[in-house]
Amino acid sequence: MGWLAVGLGAWLGGWWLNHVLSHRPATRLTRLAVPVIFGLSVVVIWESLVRGLEISPVLLPPPTQIAATFAAKTHILWEDFVQTVIKGALTGYVMGCGAAFLIAVAIDRFPFLQRGLLPVGNFVAALPIIGMAPILVMWFGFDWQSKAAVVVVMVFFPMLVNTVQGLQDTSAMQRDLMRTYGAGYWTTLLKLRLPAAMPFIFNGLKIASTLALIGAIVAEFFGSPIKGMGFRISTSVGQLTLDLVWAEIVVAAIAGSAFYGGVALLEKAVTFWHPSQRGRA
Amino acid sequence: MRNLVPVLTVVCAIFAIWYAAAVWLNAPWAYNKAERAGTTPGFTELVTDTWSQDKPKLPAPHQVGAEIWNTTGAMVASGRGFSKRSLIFHSWITFSATALGFVLGAGLGIALAIGIVYNRTMDMSVMPWVIASQTIPILAIAPMIIVVLNAVGISGLLPKAMISMYLSFFPVVVGMVKGLRSPAHMQLDQMRTWNATPAQTFWKLRLPSSMPYLFTSLKIGMAASLVGAIVGELPTGAVAGLGARLLAGSYYGQTVQIWSALIMAATLAAILVGLIGVIQRIVLKRMGMA
Amino acid sequence: MAAMQAGEDRLTSDRVISAKDLSLTFQTNDGPVHALKDVTLDVEKGDFVSFIGPSGCGKTTFLRCMADLEHPTGGSITVNGVNPEAARRARAYGYVFQAAGLYPWRSIGGNIRLPLEIMGYSKSEQDRRVREVLELVDLAGFEKKFPWQLSGGMQQRASIARALAFDADILLMDEPFGALDEIVRDHLNEQLLSLWERTHKTICFVTHSIPEAVYLSTRIVVMSPRPGRITDVIESPLPRERPLEIRDTPEFIEIAHRVRDGLRAGHGDEV
């Protein structure tokens, strides 16, 4: 009963505090404080509901237990992180995005290919590519190479479509201006079209960053060595040690946000001139 | 229409590469077989063999096509269209989870978006988390949701639909918030000069303005929903559904079965997303926005 | 004759808009911006008042204060004798924005019907009024067309019809013809005058065109920026009935001169 009261208190208190804060003039501090208070209230409510209603930790472990597991099993979590994120996701991400970028620049010279590949690429981007995972695991073996291959396949088309669209995103006037300067294909590409394409390219990179982690983790459900985040999640679920599963999910969340945040920071530095980035400094 | 020829060319190229890759990937096995039989295969023999193996590394398109026909059209013809071996049956299982999850997720997403647009506290508290959560590999929780819900006695369609719901929910929230906020300042001021109530502003201005955004995010949500349903079928022990077919195929090395399930999933995705596209075109056309 | 009648109207009628020492200061990162400072002005019933001045002089802000779209930080303002919020709730005015802002998903008739739906008019009353105002702005027969099937000038006429539909006595217009070309603009100016003539509305009209202000108004309010303030109020001696050719008469040119002088004086040495 006491725990439930704590939960209710956290809910009402957090909501009241945020209500007050959000109706004051917005500053940097309130913009940061309000979501943080919301997040903390959710964690407290979670903890007190689990304890108050005596929910079995097999179903839903309380946050404190997850934190304890996280602290106790850092070596396992680190090993899994290296296997899945660094070896699987990151390798595949670099290879997939790099290949898509180069191919996009290559086909940019051929309008015929563009017109053919864009619709196909858009179509493929909507397909459940993740289903390729079992095939690629068969081709490339259980270790990280097959995970990287899944990531390559998953990030390739979104990246390709975005880059091709970005390279087309210059106005006729800007291109005519380059022509009046007597600029050739490569000069136009480097000085005008690539910079203009950057917002699109980064959009592709951001989408790909979330797909990469998903691909690497889910591919491990189809077979992996005895390490890796996806492997740990599926086996721990089988053993009903959900605290370890949640700890892995925390790692995944941190890795995902850091990955995305890193790309977003880079974007901010490169495309500071774009309307979507202006005025946020 | 102007894109028809280029698209067909690209599609043909994909098939050509597929056939060539099948020869290349399946050749070692063909040579191996020939060696054991003590013969050296000629080029034509090699090609015919690589395109007709039982458990090839990469089945040729016509093998996959035949498998799909055998598990769909042929079974319907013999009156077993809904038996457990039929891909129609498995597609139906996956589809029902996808559709249920999608409807729940889209509904919930729209409701939350309205809350975020109309309530400042909710906007500032929830919106950053919605955006942040898109960067998190949510799919990783799928097996846990399935097992936990199973443990509390919920099994079958609902757990898979929950994962689909979860995945389709976020794109809809983000798209719908954008859409509901898309009316120009001027149009909102105009509503104010007429002393319109918040409900009137919603129904007459915000909701109609959000339609293009809604449909775009519904398409993404639908694709995500299908992925959720397929992944949700993995930990249930490969009972039924396209995801189960994928997993069973990978257990027993039945590559043809994997590919046919994959193609079915792709077809299902194309049909569902295409359906939303058609509705989008009709609605926006009638609203004069297309 | 017409001028005399206008004078008589003024004596007998009450003040429609009355601003006294009105100020509005925005707080920005670069310090406070005085959009309006100590603005005092009375608008009488049946007046056609133009507000003219360079950008940042507060002419639009003043109009938005009348419409309760901005909240003054000092002084007082009444519309129809009550505060702007009460006037807005009583639907005392129609507001025309710079862009037509018609909803692409509604026909022209549907767009004009929109405020009437919001205000809860009956279906038959809606039909009657839509037909009436469409006639008034010369768009009869376009009811079923969609905005994107019409030219820019026609769209702006439809948006004026929308502001007229609910019979408010005051019409607030914020550079309604600013985005249109000169020829269309002349035509619409002429139409607006005849509409004002027929409906006896009070019109407040923001513009940055001197000929437009002189041609349309009974009074021209010249404003200047930093801080936004009124520098001159010119009563026009032109008759109420004004053919386009009036713009070549010496009287017209003289008023235009005075407006230009006022603008230059307010601008200081910046021009």
# chains A, B, ... in the order shown; residues from 1 in each chain; ligands from 1
>>> residues_around(residues="Val283 (chain B)", least_positions_apart="3", cutoff="12 Å", atoms="only C-alpha atoms", output="ChimeraX atom specification")
/B:208,211-212,214-215,276-280,286-290 /C:105
>>> write_last_selection(atoms="C-alpha atoms", output="CSV table (one decimal), in the first residue's frame")
chain,number,residue,atom,x,y,z
B,208,PRO,CA,-7.7,18.4,-42.7
B,211,MET,CA,-3.8,14.5,-43.8
B,212,PRO,CA,-0.8,14.4,-46.1
B,214,LEU,CA,-0.9,11.3,-41.6
B,215,PHE,CA,-0.7,9.1,-44.7
B,276,ILE,CA,-2.6,3.1,-48.0
B,277,GLY,CA,-1.1,4.8,-51.0
B,278,VAL,CA,-4.3,4.3,-53.0
B,279,ILE,CA,-6.4,5.6,-50.1
B,280,GLN,CA,-4.1,8.5,-49.7
B,286,ARG,CA,-11.0,14.7,-53.1
B,287,MET,CA,-9.6,17.3,-50.7
B,288,GLY,CA,-7.9,19.1,-53.5
B,289,MET,CA,-4.5,18.6,-51.9
B,290,ALA,CA,-2.9,16.2,-54.4
C,105,TRP,CA,-9.8,21.2,-49.6
>>> interface_residues(of="chain B", to="chain A", cutoff="6 Å", atoms="only C-alpha atoms", output="ChimeraX atom specification")
/B:3,6-7,10,121,125,135-137,144,148,223,227,250,266,269
>>> write_last_selection(atoms="N, CA and C atoms", output="PDB file, in the first residue's frame")
ATOM      1  N   ASN B   3       8.510   6.446 -66.155  1.00  0.00           N
ATOM      2  CA  ASN B   3       9.542   5.680 -65.475  1.00  0.00           C
ATOM      3  C   ASN B   3       9.452   4.193 -65.765  1.00  0.00           C
ATOM      4  N   PRO B   6      12.681   2.479 -67.532  1.00  0.00           N
ATOM      5  CA  PRO B   6      13.831   2.373 -66.612  1.00  0.00           C
ATOM      6  C   PRO B   6      13.591   1.389 -65.475  1.00  0.00           C
ATOM      7  N   VAL B   7      12.380   1.422 -64.880  1.00  0.00           N
ATOM      8  CA  VAL B   7      12.111   0.526 -63.763  1.00  0.00           C
ATOM      9  C   VAL B   7      12.160  -0.922 -64.223  1.00  0.00           C
ATOM     10  N   VAL B  10      15.703  -2.023 -64.616  1.00  0.00           N
ATOM     11  CA  VAL B  10      16.350  -2.305 -63.341  1.00  0.00           C
ATOM     12  C   VAL B  10      15.872  -3.648 -62.791  1.00  0.00           C
ATOM     13  N   THR B 121       2.060  20.796 -21.280  1.00  0.00           N
ATOM     14  CA  THR B 121       2.813  19.952 -20.345  1.00  0.00           C
ATOM     15  C   THR B 121       3.192  18.645 -21.026  1.00  0.00           C
ATOM     16  N   SER B 125       6.920  17.241 -21.854  1.00  0.00           N
ATOM     17  CA  SER B 125       7.380  16.045 -21.134  1.00  0.00           C
ATOM     18  C   SER B 125       7.580  14.860 -22.065  1.00  0.00           C
ATOM     19  N   THR B 135      15.408   6.414 -31.678  1.00  0.00           N
ATOM     20  CA  THR B 135      16.814   6.075 -31.894  1.00  0.00           C
ATOM     21  C   THR B 135      17.175   4.767 -31.202  1.00  0.00           C
ATOM     22  N   ILE B 136      16.228   4.211 -30.447  1.00  0.00           N
ATOM     23  CA  ILE B 136      16.504   3.000 -29.674  1.00  0.00           C
ATOM     24  C   ILE B 136      16.040   1.785 -30.455  1.00  0.00           C
ATOM     25  N   PRO B 137      16.845   0.743 -30.522  1.00  0.00           N
ATOM     26  CA  PRO B 137      16.418  -0.460 -31.250  1.00  0.00           C
ATOM     27  C   PRO B 137      15.306  -1.200 -30.509  1.00  0.00           C
ATOM     28  N   MET B 144      11.095 -10.502 -25.403  1.00  0.00           N
ATOM     29  CA  MET B 144      10.703 -10.386 -24.007  1.00  0.00           C
ATOM     30  C   MET B 144       9.194 -10.160 -23.872  1.00  0.00           C
ATOM     31  N   VAL B 148       6.877 -12.625 -21.753  1.00  0.00           N
ATOM     32  CA  VAL B 148       6.203 -12.103 -20.562  1.00  0.00           C
ATOM     33  C   VAL B 148       4.689 -12.212 -20.712  1.00  0.00           C
ATOM     34  N   ALA B 223       4.697  -0.508 -42.654  1.00  0.00           N
ATOM     35  CA  ALA B 223       5.900  -1.294 -42.930  1.00  0.00           C
ATOM     36  C   ALA B 223       6.534  -1.760 -41.623  1.00  0.00           C
ATOM     37  N   VAL B 227       7.147  -5.685 -39.970  1.00  0.00           N
ATOM     38  CA  VAL B 227       8.428  -6.145 -39.422  1.00  0.00           C
ATOM     39  C   VAL B 227       8.218  -6.635 -37.989  1.00  0.00           C
ATOM     40  N   SER B 250      15.441 -21.710 -41.687  1.00  0.00           N
ATOM     41  CA  SER B 250      16.857 -21.572 -41.345  1.00  0.00           C
ATOM     42  C   SER B 250      17.317 -22.714 -40.448  1.00  0.00           C
ATOM     43  N   ALA B 266       7.444  -9.696 -48.596  1.00  0.00           N
ATOM     44  CA  ALA B 266       7.629  -8.493 -49.403  1.00  0.00           C
ATOM     45  C   ALA B 266       6.344  -8.139 -50.142  1.00  0.00           C
ATOM     46  N   ALA B 269       3.900  -6.674 -47.736  1.00  0.00           N
ATOM     47  CA  ALA B 269       4.263  -5.285 -47.437  1.00  0.00           C
ATOM     48  C   ALA B 269       3.844  -4.374 -48.580  1.00  0.00           C
TER      49      ALA B 269
END
>>> select_by_dssp(residues="region 142-249 of chain A", states="alpha helix (DSSP H)", output="PyMOL selection string")
chain A and resi 144-167+172-180+185-188+194-220+229-239+242-249
>>> closest_residue(among="C:Ala213, C:Ala163, C:Ala92, C:Ile203", to="Phe252 (chain C)", atoms="only C-alpha atoms")
C:Ala213
>>> interface_residues(of="chain C", to="chain B", cutoff="7 Å", atoms="only C-alpha atoms", output="JSON, numbers by chain")
{"C": [67, 69, 88, 89, 91, 95, 101, 104, 105, 115, 118]}
>>> write_last_selection(atoms="C-alpha atoms", output="JSON list (two decimals), in the first residue's frame")
[["chain", "number", "residue", "atom", "x", "y", "z"],
["C", 67, "ALA", "CA", -8.26, 42.19, -33.67],
["C", 69, "LEU", "CA", -4.33, 38.94, -32.00],
["C", 88, "ARG", "CA", -13.74, 39.45, -31.13],
["C", 89, "ARG", "CA", -16.11, 37.23, -29.19],
["C", 91, "ARG", "CA", -17.55, 38.82, -34.02],
["C", 95, "TYR", "CA", -10.07, 40.22, -41.00],
["C", 101, "GLY", "CA", -5.36, 31.63, -47.05],
["C", 104, "PRO", "CA", -7.49, 23.95, -50.69],
["C", 105, "TRP", "CA", -9.84, 21.18, -49.59],
["C", 115, "PRO", "CA", -16.85, 31.17, -40.64],
["C", 118, "ILE", "CA", -18.18, 28.11, -36.97]]
>>> residues_around(residues="region 95-100 of chain A", least_positions_apart="5", cutoff="12 Å", atoms="only C-alpha atoms", output="ChimeraX atom specification")
/A:87-90,105-108,117,121,145,148-164,201-209,211-212
>>> residues_around(residues="Ile230 (chain B)", least_positions_apart="3", cutoff="8 Å", atoms="only C-alpha atoms", output="number ranges by chain")
A: 131; B: 94, 226-227, 233-234, 241-244
>>> closest_residue(among="C:Gln126, C:Thr199, C:Ser151, C:Asn29", to="chain A", atoms="only C-alpha atoms")
C:Asn29
>>> residues_around(residues="region 35-47 of chain B", least_positions_apart="4", cutoff="12 Å", atoms="only C-alpha atoms", output="count of residues only")
17
>>> atom_distance(atom1="CA of Asn111 (chain C)", atom2="CA of Ile170 (chain C)")
20.0 Å
